[in-house]
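Asker: Have a peek at work18.txt (compact mmCIF, C-alpha atoms).
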# COMPACT_ATOMS: atom_id res chain seq x y z
CA MET X 15 3.69 5.89 0.70
CA ASP X 16 7.50 6.00 1.00
CA GLY X 17 9.13 3.55 -1.36
CA THR X 18 5.78 2.72 -2.95
CA LEU X 19 3.60 5.63 -4.09
CA LEU X 20 5.88 8.61 -3.48
CA LEU X 21 8.85 9.43 -5.68
CA PRO X 22 12.34 9.02 -4.16
CA ASP X 23 12.38 12.72 -3.22
CA GLY X 24 9.18 12.24 -1.21
CA SER X 25 6.90 14.04 -3.63
CA VAL X 26 3.61 12.79 -5.07
CA PRO X 27 3.79 11.84 -8.78
CA GLU X 28 1.90 14.53 -10.71
CA GLY X 29 0.06 11.86 -12.66
CA LEU X 30 -1.74 10.74 -9.50
CA TRP X 31 -4.17 13.66 -9.39
CA PRO X 32 -5.94 13.02 -12.72
CA LEU X 33 -5.81 9.29 -11.97
CA LEU X 34 -7.68 9.84 -8.70
CA GLU X 35 -10.41 11.68 -10.63
CA ARG X 36 -10.76 8.72 -12.96
CA LEU X 37 -10.94 6.31 -10.02
CA ARG X 38 -13.65 8.44 -8.42
CA ASP X 39 -15.63 8.55 -11.67
CA ARG X 40 -15.44 4.76 -11.84
CA GLY X 41 -16.60 4.37 -8.24
CA ILE X 42 -13.26 2.94 -7.11
CA ALA X 43 -12.01 3.83 -3.63
CA PHE X 44 -8.41 4.95 -3.15
CA ALA X 45 -6.90 4.51 0.30
CA PRO X 46 -3.40 5.70 1.23
CA ALA X 47 -2.04 3.18 3.75
CA SER X 48 0.88 4.33 5.82
CA GLY X 49 2.65 4.42 9.13
CA ARG X 50 2.07 8.18 8.99
CA GLN X 51 -0.53 9.89 11.11
CA LEU X 52 -3.96 10.73 9.72
CA ALA X 53 -3.31 14.48 9.72
CA THR X 54 -0.19 14.02 7.59
CA LEU X 55 -2.01 11.90 5.02
CA GLN X 56 -4.85 14.41 4.88
CA ARG X 57 -2.34 17.22 4.34
CA THR X 58 -0.72 15.35 1.46
CA PHE X 59 -4.06 14.81 -0.29
CA ALA X 60 -5.69 18.11 0.72
CA GLY X 61 -6.10 19.19 -2.90
CA VAL X 62 -8.15 16.16 -3.93
CA ASP X 63 -11.75 17.05 -4.77
CA ALA X 64 -13.14 13.85 -3.25
CA GLU X 65 -13.40 12.07 0.06
CA LEU X 66 -10.58 9.57 0.41
CA ASP X 67 -10.27 6.61 2.73
CA TYR X 68 -7.22 6.53 4.97
CA ILE X 69 -5.34 3.72 6.68
CA ALA X 70 -3.10 5.58 9.12
CA GLU X 71 -0.61 4.62 11.83
CA ASN X 72 0.13 1.27 10.17
CA GLY X 73 -3.55 0.37 10.42
CA ALA X 74 -4.28 1.49 13.97
CA TYR X 75 -6.59 4.23 12.68
CA VAL X 76 -8.93 3.92 9.68
CA VAL X 77 -11.31 6.63 8.50
CA ARG X 78 -13.66 7.27 5.59
CA GLY X 79 -13.85 11.00 5.08
CA ASP X 80 -14.41 12.22 8.64
CA VAL X 81 -15.96 8.98 9.91
CA GLU X 82 -13.89 6.55 11.98
CA VAL X 83 -14.02 2.99 10.68
CA SER X 84 -11.74 1.45 13.31
CA SER X 85 -9.03 2.27 15.84
CA ASP X 86 -6.89 0.25 18.22
CA ALA X 87 -5.10 2.08 21.05
CA VAL X 88 -2.17 0.74 23.07
CA ASP X 89 -2.69 0.13 26.78
CA PRO X 90 -1.28 3.15 28.68
CA SER X 91 0.90 0.92 30.85
CA VAL X 92 2.57 -0.59 27.78
CA ALA X 93 3.14 2.85 26.27
CA ALA X 94 4.75 3.97 29.52
CA GLU X 95 6.99 0.89 29.56
CA VAL X 96 8.27 1.67 26.07
CA VAL X 97 8.93 5.31 26.96
CA VAL X 98 10.96 4.32 30.02
CA ARG X 99 12.90 1.66 28.11
CA VAL X 100 13.81 3.98 25.23
CA ARG X 101 15.01 6.58 27.71
CA SER X 102 17.18 3.99 29.45
CA LEU X 103 18.65 2.56 26.25
CA VAL X 104 19.51 6.02 24.95
CA ALA X 105 21.01 7.10 28.29
CA SER X 106 23.21 3.98 28.39
CA GLY X 107 24.43 4.51 24.83
CA ALA X 108 22.88 1.26 23.60
CA LEU X 109 20.69 3.17 21.13
CA ARG X 110 20.90 6.45 19.27
CA ALA X 111 17.19 6.95 18.90
CA GLY X 112 14.18 9.15 19.47
CA LEU X 113 10.60 8.20 20.33
CA VAL X 114 7.30 9.45 18.95
CA LEU X 115 4.02 8.80 20.76
CA CYS X 116 1.40 8.67 18.02
CA GLY X 117 -1.95 9.69 19.45
CA LYS X 118 -5.36 10.23 17.91
CA ARG X 119 -5.20 14.00 18.39
CA SER X 120 -1.50 14.55 17.75
CA ALA X 121 1.97 13.05 17.81
CA TYR X 122 4.23 13.83 20.79
CA VAL X 123 7.99 13.97 21.36
CA GLU X 124 10.17 15.05 24.24
CA ASP X 125 13.50 14.86 22.36
CA THR X 126 14.37 18.30 20.94
CA ASP X 127 17.39 17.25 18.88
CA GLU X 128 17.16 19.24 15.63
CA ALA X 129 18.03 16.32 13.35
CA PHE X 130 15.44 14.12 15.03
CA LEU X 131 12.75 16.79 14.82
CA ALA X 132 13.53 17.36 11.15
CA GLU X 133 13.01 13.66 10.47
CA VAL X 134 9.83 13.48 12.52
CA ASP X 135 8.39 16.54 10.79
CA LYS X 136 8.33 14.62 7.51
CA TYR X 137 5.70 12.25 8.86
CA TYR X 138 3.71 14.14 11.51
CA ALA X 139 1.70 17.20 10.48
CA ARG X 140 0.40 17.51 14.03
CA LEU X 141 3.31 17.35 16.44
CA GLU X 142 3.71 18.59 20.00
CA VAL X 143 6.98 18.84 21.89
CA VAL X 144 6.21 18.04 25.51
CA PRO X 145 8.39 18.00 28.64
CA ASP X 146 7.36 14.46 29.62
CA LEU X 147 5.89 11.78 27.37
CA LEU X 148 4.59 9.96 30.42
CA ALA X 149 2.24 12.89 31.08
CA VAL X 150 0.58 12.85 27.64
CA ASP X 151 -3.23 12.50 27.82
CA ASP X 152 -4.33 10.95 24.53
CA GLN X 153 -5.20 7.55 23.05
CA ILE X 154 -1.85 6.22 21.83
CA LEU X 155 -2.22 4.29 18.59
CA LYS X 156 1.44 3.56 17.99
CA LEU X 157 4.93 4.17 19.37
CA ALA X 158 7.46 4.94 16.65
CA ILE X 159 11.18 4.75 17.35
CA PHE X 160 13.64 6.46 15.02
CA ASP X 161 16.99 4.67 15.17
CA VAL X 162 19.87 6.64 13.68
CA ASP X 163 21.91 3.47 13.10
CA GLY X 164 19.16 1.26 11.65
CA GLY X 165 15.99 -0.08 13.22
CA GLU X 166 16.23 -3.66 11.98
CA ARG X 167 19.72 -4.15 13.45
CA HIS X 168 19.39 -2.30 16.75
CA THR X 169 15.94 -1.25 17.97
CA ALA X 170 14.02 -4.34 16.86
CA PRO X 171 16.32 -6.73 18.78
CA ALA X 172 16.17 -4.45 21.84
CA PHE X 173 12.39 -4.88 21.91
CA ALA X 174 12.29 -8.53 20.82
CA ASP X 175 10.73 -9.62 24.12
CA LEU X 176 7.79 -7.28 23.57
CA ALA X 177 7.04 -9.06 20.28
CA ALA X 178 5.47 -11.86 22.32
CA THR X 179 2.53 -9.61 23.13
CA HIS X 180 2.69 -6.73 20.62
CA GLN X 181 3.56 -5.89 17.05
CA VAL X 182 7.19 -4.80 16.77
CA VAL X 183 7.47 -3.89 13.10
CA VAL X 184 10.44 -2.60 11.12
CA SER X 185 8.63 -0.04 8.97
CA GLY X 186 11.64 1.55 7.29
CA GLN X 187 15.41 1.66 7.37
CA HIS X 188 15.42 3.75 10.56
CA TRP X 189 11.93 3.21 12.00
CA VAL X 190 10.47 0.56 14.29
CA ASP X 191 6.78 0.73 15.21
CA ILE X 192 5.23 -0.82 18.31
CA MET X 193 1.48 -1.45 18.25
CA ASN X 194 -1.16 -3.77 19.60
CA PRO X 195 -0.96 -7.37 18.34
CA THR X 196 -4.24 -6.90 16.48
CA VAL X 197 -2.94 -3.94 14.45
CA ASN X 198 -1.56 -4.10 10.96
CA LYS X 199 -2.43 -2.72 7.55
CA GLY X 200 -4.08 -6.00 6.58
CA VAL X 201 -6.56 -5.91 9.47
CA ALA X 202 -7.25 -2.28 8.60
CA LEU X 203 -7.79 -3.08 4.93
CA ARG X 204 -10.25 -5.82 5.79
CA ALA X 205 -12.17 -3.38 8.02
CA LEU X 206 -12.27 -0.93 5.14
CA GLN X 207 -13.35 -3.66 2.71
CA ASP X 208 -16.25 -4.47 5.05
CA ALA X 209 -17.20 -0.79 5.26
CA LEU X 210 -17.10 -0.46 1.47
CA GLY X 211 -18.76 -3.80 0.78
CA VAL X 212 -15.93 -5.09 -1.41
CA THR X 213 -13.92 -8.31 -1.36
CA SER X 214 -10.23 -9.09 -1.56
CA ALA X 215 -10.83 -10.10 -5.17
CA GLN X 216 -11.89 -6.51 -5.83
CA THR X 217 -8.83 -5.05 -4.11
CA ALA X 218 -5.37 -4.12 -5.36
CA ALA X 219 -2.63 -3.28 -2.87
CA PHE X 220 0.96 -2.12 -3.25
CA GLY X 221 3.89 -2.33 -0.84
CA ASP X 222 7.64 -2.35 -0.48
CA TYR X 223 8.53 -2.93 3.18
CA LEU X 224 7.85 -5.31 6.06
CA ASN X 225 4.90 -3.36 7.45
CA ASP X 226 3.13 -4.02 4.13
CA LEU X 227 3.09 -7.83 4.39
CA GLU X 228 -0.39 -8.19 5.89
CA LEU X 229 -1.76 -5.51 3.55
CA LEU X 230 -0.68 -7.54 0.53
CA ARG X 231 -2.16 -10.72 1.98
CA ALA X 232 -5.55 -8.97 2.21
CA ALA X 233 -5.69 -8.21 -1.52
CA ASP X 234 -5.90 -10.71 -4.36
CA TRP X 235 -4.18 -8.16 -6.61
CA SER X 236 -1.04 -7.73 -4.51
CA TYR X 237 1.98 -5.94 -5.94
CA ALA X 238 5.51 -5.67 -4.59
CA MET X 239 7.53 -2.77 -5.90
CA ALA X 240 10.54 -3.66 -8.03
CA ASP X 241 12.98 -2.91 -5.20
CA ALA X 242 10.83 -4.25 -2.37
CA HIS X 243 12.20 -6.06 0.68
CA PRO X 244 12.72 -9.75 -0.23
CA GLU X 245 10.03 -10.93 2.20
CA VAL X 246 7.54 -8.56 0.60
CA ALA X 247 8.44 -9.76 -2.86
CA ALA X 248 7.90 -13.34 -1.71
CA VAL X 249 4.35 -12.60 -0.47
CA ALA X 250 3.07 -10.49 -3.38
CA ARG X 251 1.49 -12.18 -6.38
CA PHE X 252 2.70 -9.56 -8.86
CA ARG X 253 5.46 -7.00 -9.39
CA ALA X 254 5.18 -3.28 -10.07
CA PRO X 255 7.84 -0.93 -11.43
CA SER X 256 9.73 0.99 -8.76
CA ASN X 257 8.41 4.12 -7.10
CA ALA X 258 11.02 6.09 -9.08
CA GLN X 259 9.12 4.97 -12.19
CA ALA X 260 5.72 5.78 -10.66
CA GLY X 261 4.98 2.06 -10.64
CA VAL X 262 1.71 2.34 -8.67
CA LEU X 263 0.27 4.71 -11.28
CA THR X 264 1.43 2.49 -14.13
CA VAL X 265 -0.24 -0.59 -12.69
CA ILE X 266 -3.51 1.17 -11.80
CA ALA X 267 -3.75 2.63 -15.29
CA ARG X 268 -3.23 -0.87 -16.71
CA LEU X 269 -5.92 -2.31 -14.42
CA LEU X 270 -8.28 0.41 -15.63
CA GLY X 271 -7.69 -0.76 -19.18
CA ASP X 272 -5.39 1.99 -20.47
Please re-express this file's structure in structure tokens.
Answerer:
Amino acid sequence: MDGTLLLPDGSVPEGLWPLLERLRDRGIAFAPASGRQLATLQRTFAGVDAELDYIAENGAYVVRGDVEVSSDAVDPSVAAEVVVRVRSLVASGALRAGLVLCGKRSAYVEDTDEAFLAEVDKYYARLEVVPDLLAVDDQILKLAIFDVDGGERHTAPAFADLAATHQVVVSGQHWVDIMNPTVNKGVALRALQDALGVTSAQTAAFGDYLNDLELLRAADWSYAMADAHPEVAAVARFRAPSNAQAGVLTVIARLLGD
């Protein structure tokens, strides 16, 4: 989504809506793949007159229409450990960060800082402010940490030890996502391919940041955006124009023969 499909201002390119109709008419599935929650993706595409497939929470939750294809929840003890550690790091001044528990039913925060909530609101259509994250009763698919000073430089190193047992993924300039080791967009895409009965040779995927690496590896037609992270550019087989140029739409139209 961000840096790939969406324009720099966060809006959907207007040309996507007629393109989705053409994809539907051709029997081609379109699946937004994002670190965002399912409810947020569904809100973005609410006006589409077709059932879409969704890869949400960096692949921890995959649905076709209203039917769950796969999900992969974090062990509650691990989620609690991350909550306690983030609290401690923030209290000590080692991090300027906020934490989002990303559950199946909703996302949850206990930090009420206005700037943090404004940032979180961009990505979570269903969001609850709770007094204690440790008391949340939901299946937690992902823990997302917003680092004011940059996730790759600060939060990721602070959780480097957890990378031995879990995914610790820099998903944007300020975001670091913690998930089960079996979760990524590539695993999710392969589950969706199985559900659809298609192969990697019949799949095109687009990405720009580090949480897109496995997604691109699961598609023979893999495209890195023009300004993608260098590691993403190294993995992808092809290049697409930047999101500012609506590069995803341009490539899909070309693949359709326009």
Asker: For a quick check of understanding, using only C-alpha atoms, which of X:Ala205, X:Ala139, X:Ala174, X:Val134 has the smallest distance to Ala232 (chain X)?
Answerer: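 Looking only at the distances to Ala232 (chain X), the closest residue turns out to be X:Ala205.
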Asker: Between X:Arg268, X:Arg231, X:Arg50, X:His188, which has the minimum distance to Arg251 (chain X) (counting only C-alpha atoms)?
Answerer: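 Among X:Arg268, X:Arg231, X:Arg50, X:His188, it is X:Arg231 that comes nearest to Arg251 (chain X).
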Asker: If we count all atoms listed in the file and set the cut-off at 12 Å, which residues sit around Leu30 (chain X), ignoring sequence neighbours fewer than 5 positions away in its own chain? Please answer as a ChimeraX atom specification.
Answerer: /X:19-21,25,35-37,44,46,58-59,61-62,260-267
Asker: Measuring between all atoms listed in the file, which one of X:Ser185, X:Val104, X:Leu141, X:Glu128 shows the shortest distance to Ala172 (chain X)?
Answerer: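 Checking each candidate against Ala172 (chain X), we get X:Val104 as the closest.
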Asker: Just the number, please: distance in Å from CA of Leu109 (chain X) to CA of Glu142 (chain X), one decimal.
Answerer: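 Result for CA of Leu109 (chain X) versus CA of Glu142 (chain X): 23.0 Å, one decimal.
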Asker: Find, counting only C-alpha atoms, the residue in X:Thr54, X:Ala178, X:Val201, X:Leu113 that gets nearest to Val98 (chain X).
Answerer: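 Smallest separation from Val98 (chain X) among the options: X:Leu113.
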Asker: Using the structure just given, write a file holding C-alpha atoms for region 21-109 of chain X, as a short mmCIF file (atom, residue, chain, number, x, y, z; two decimals), in the first residue's frame.
Answerer:
data_model
loop_
_atom_site.label_atom_id
_atom_site.label_comp_id
_atom_site.auth_asym_id
_atom_site.auth_seq_id
_atom_site.Cartn_x
_atom_site.Cartn_y
_atom_site.Cartn_z
CA LEU X 21 0.04 7.99 -3.99
CA PRO X 22 2.50 9.93 -1.80
CA ASP X 23 -0.41 11.72 -0.09
CA GLY X 24 -1.87 8.36 0.93
CA SER X 25 -4.75 8.40 -1.53
CA VAL X 26 -5.76 5.66 -3.96
CA PRO X 27 -5.01 6.48 -7.63
CA GLU X 28 -8.35 7.16 -9.33
CA GLY X 29 -7.37 4.90 -12.20
CA LEU X 30 -7.45 1.87 -9.90
CA TRP X 31 -11.25 1.61 -9.74
CA PRO X 32 -11.89 0.98 -13.46
CA LEU X 33 -8.80 -1.24 -13.54
CA LEU X 34 -10.26 -3.43 -10.78
CA GLU X 35 -13.42 -3.86 -12.87
CA ARG X 36 -11.33 -5.02 -15.80
CA LEU X 37 -9.42 -7.46 -13.60
CA ARG X 38 -12.69 -8.86 -12.28
CA ASP X 39 -14.06 -9.25 -15.81
CA ARG X 40 -10.92 -11.16 -16.75
CA GLY X 41 -11.19 -13.44 -13.72
CA ILE X 42 -8.01 -12.05 -12.15
CA ALA X 43 -7.87 -11.73 -8.37
CA PHE X 44 -6.59 -8.52 -6.79
CA ALA X 45 -5.24 -8.73 -3.25
CA PRO X 46 -4.06 -5.70 -1.26
CA ALA X 47 -1.15 -6.88 0.89
CA SER X 48 -0.26 -4.68 3.82
CA GLY X 49 0.82 -4.36 7.39
CA ARG X 50 -2.54 -2.66 7.94
CA GLN X 51 -5.40 -4.39 9.68
CA LEU X 52 -8.16 -6.09 7.72
CA ALA X 53 -10.78 -3.51 8.70
CA THR X 54 -8.61 -0.69 7.35
CA LEU X 55 -8.08 -2.41 4.02
CA GLN X 56 -11.80 -3.15 3.74
CA ARG X 57 -12.57 0.51 4.45
CA THR X 58 -10.19 1.64 1.71
CA PHE X 59 -11.81 -0.63 -0.87
CA ALA X 60 -15.40 -0.37 0.41
CA GLY X 61 -16.62 1.10 -2.87
CA VAL X 62 -15.45 -1.82 -5.01
CA ASP X 63 -18.34 -3.80 -6.49
CA ALA X 64 -16.56 -7.14 -6.09
CA GLU X 65 -15.18 -9.41 -3.41
CA LEU X 66 -11.48 -8.77 -2.94
CA ASP X 67 -8.85 -10.93 -1.32
CA TYR X 68 -6.89 -9.37 1.52
CA ILE X 69 -3.46 -10.06 2.98
CA ALA X 70 -3.54 -8.10 6.23
CA GLU X 71 -1.20 -7.62 9.19
CA ASN X 72 1.87 -8.38 7.07
CA GLY X 73 0.40 -11.77 6.21
CA ALA X 74 -0.81 -12.86 9.64
CA TYR X 75 -4.43 -12.68 8.46
CA VAL X 76 -5.67 -13.66 4.98
CA VAL X 77 -9.31 -13.59 3.88
CA ARG X 78 -11.31 -14.09 0.69
CA GLY X 79 -14.43 -11.99 0.98
CA ASP X 80 -15.63 -12.89 4.48
CA VAL X 81 -13.93 -16.30 4.60
CA GLU X 82 -10.67 -16.75 6.52
CA VAL X 83 -7.93 -18.40 4.49
CA SER X 84 -5.26 -18.37 7.19
CA SER X 85 -4.22 -16.67 10.42
CA ASP X 86 -1.24 -16.94 12.75
CA ALA X 87 -1.55 -15.47 16.25
CA VAL X 88 1.34 -14.63 18.59
CA ASP X 89 1.63 -16.58 21.83
CA PRO X 90 0.11 -14.44 24.62
CA SER X 91 3.27 -14.73 26.72
CA VAL X 92 5.38 -13.29 23.90
CA ALA X 93 2.92 -10.45 23.36
CA ALA X 94 3.09 -9.65 27.07
CA GLU X 95 6.89 -9.67 26.98
CA VAL X 96 6.92 -7.11 24.16
CA VAL X 97 4.43 -4.88 25.97
CA VAL X 98 6.53 -4.88 29.13
CA ARG X 99 9.76 -4.25 27.22
CA VAL X 100 8.35 -1.33 25.22
CA ARG X 101 7.06 0.23 28.43
CA SER X 102 10.49 -0.13 30.04
CA LEU X 103 12.42 1.25 27.06
CA VAL X 104 10.11 4.26 26.80
CA ALA X 105 10.25 4.91 30.55
CA SER X 106 14.06 4.83 30.50
CA GLY X 107 14.26 7.22 27.55
CA ALA X 108 15.90 4.62 25.30
CA LEU X 109 12.98 4.82 22.85
#
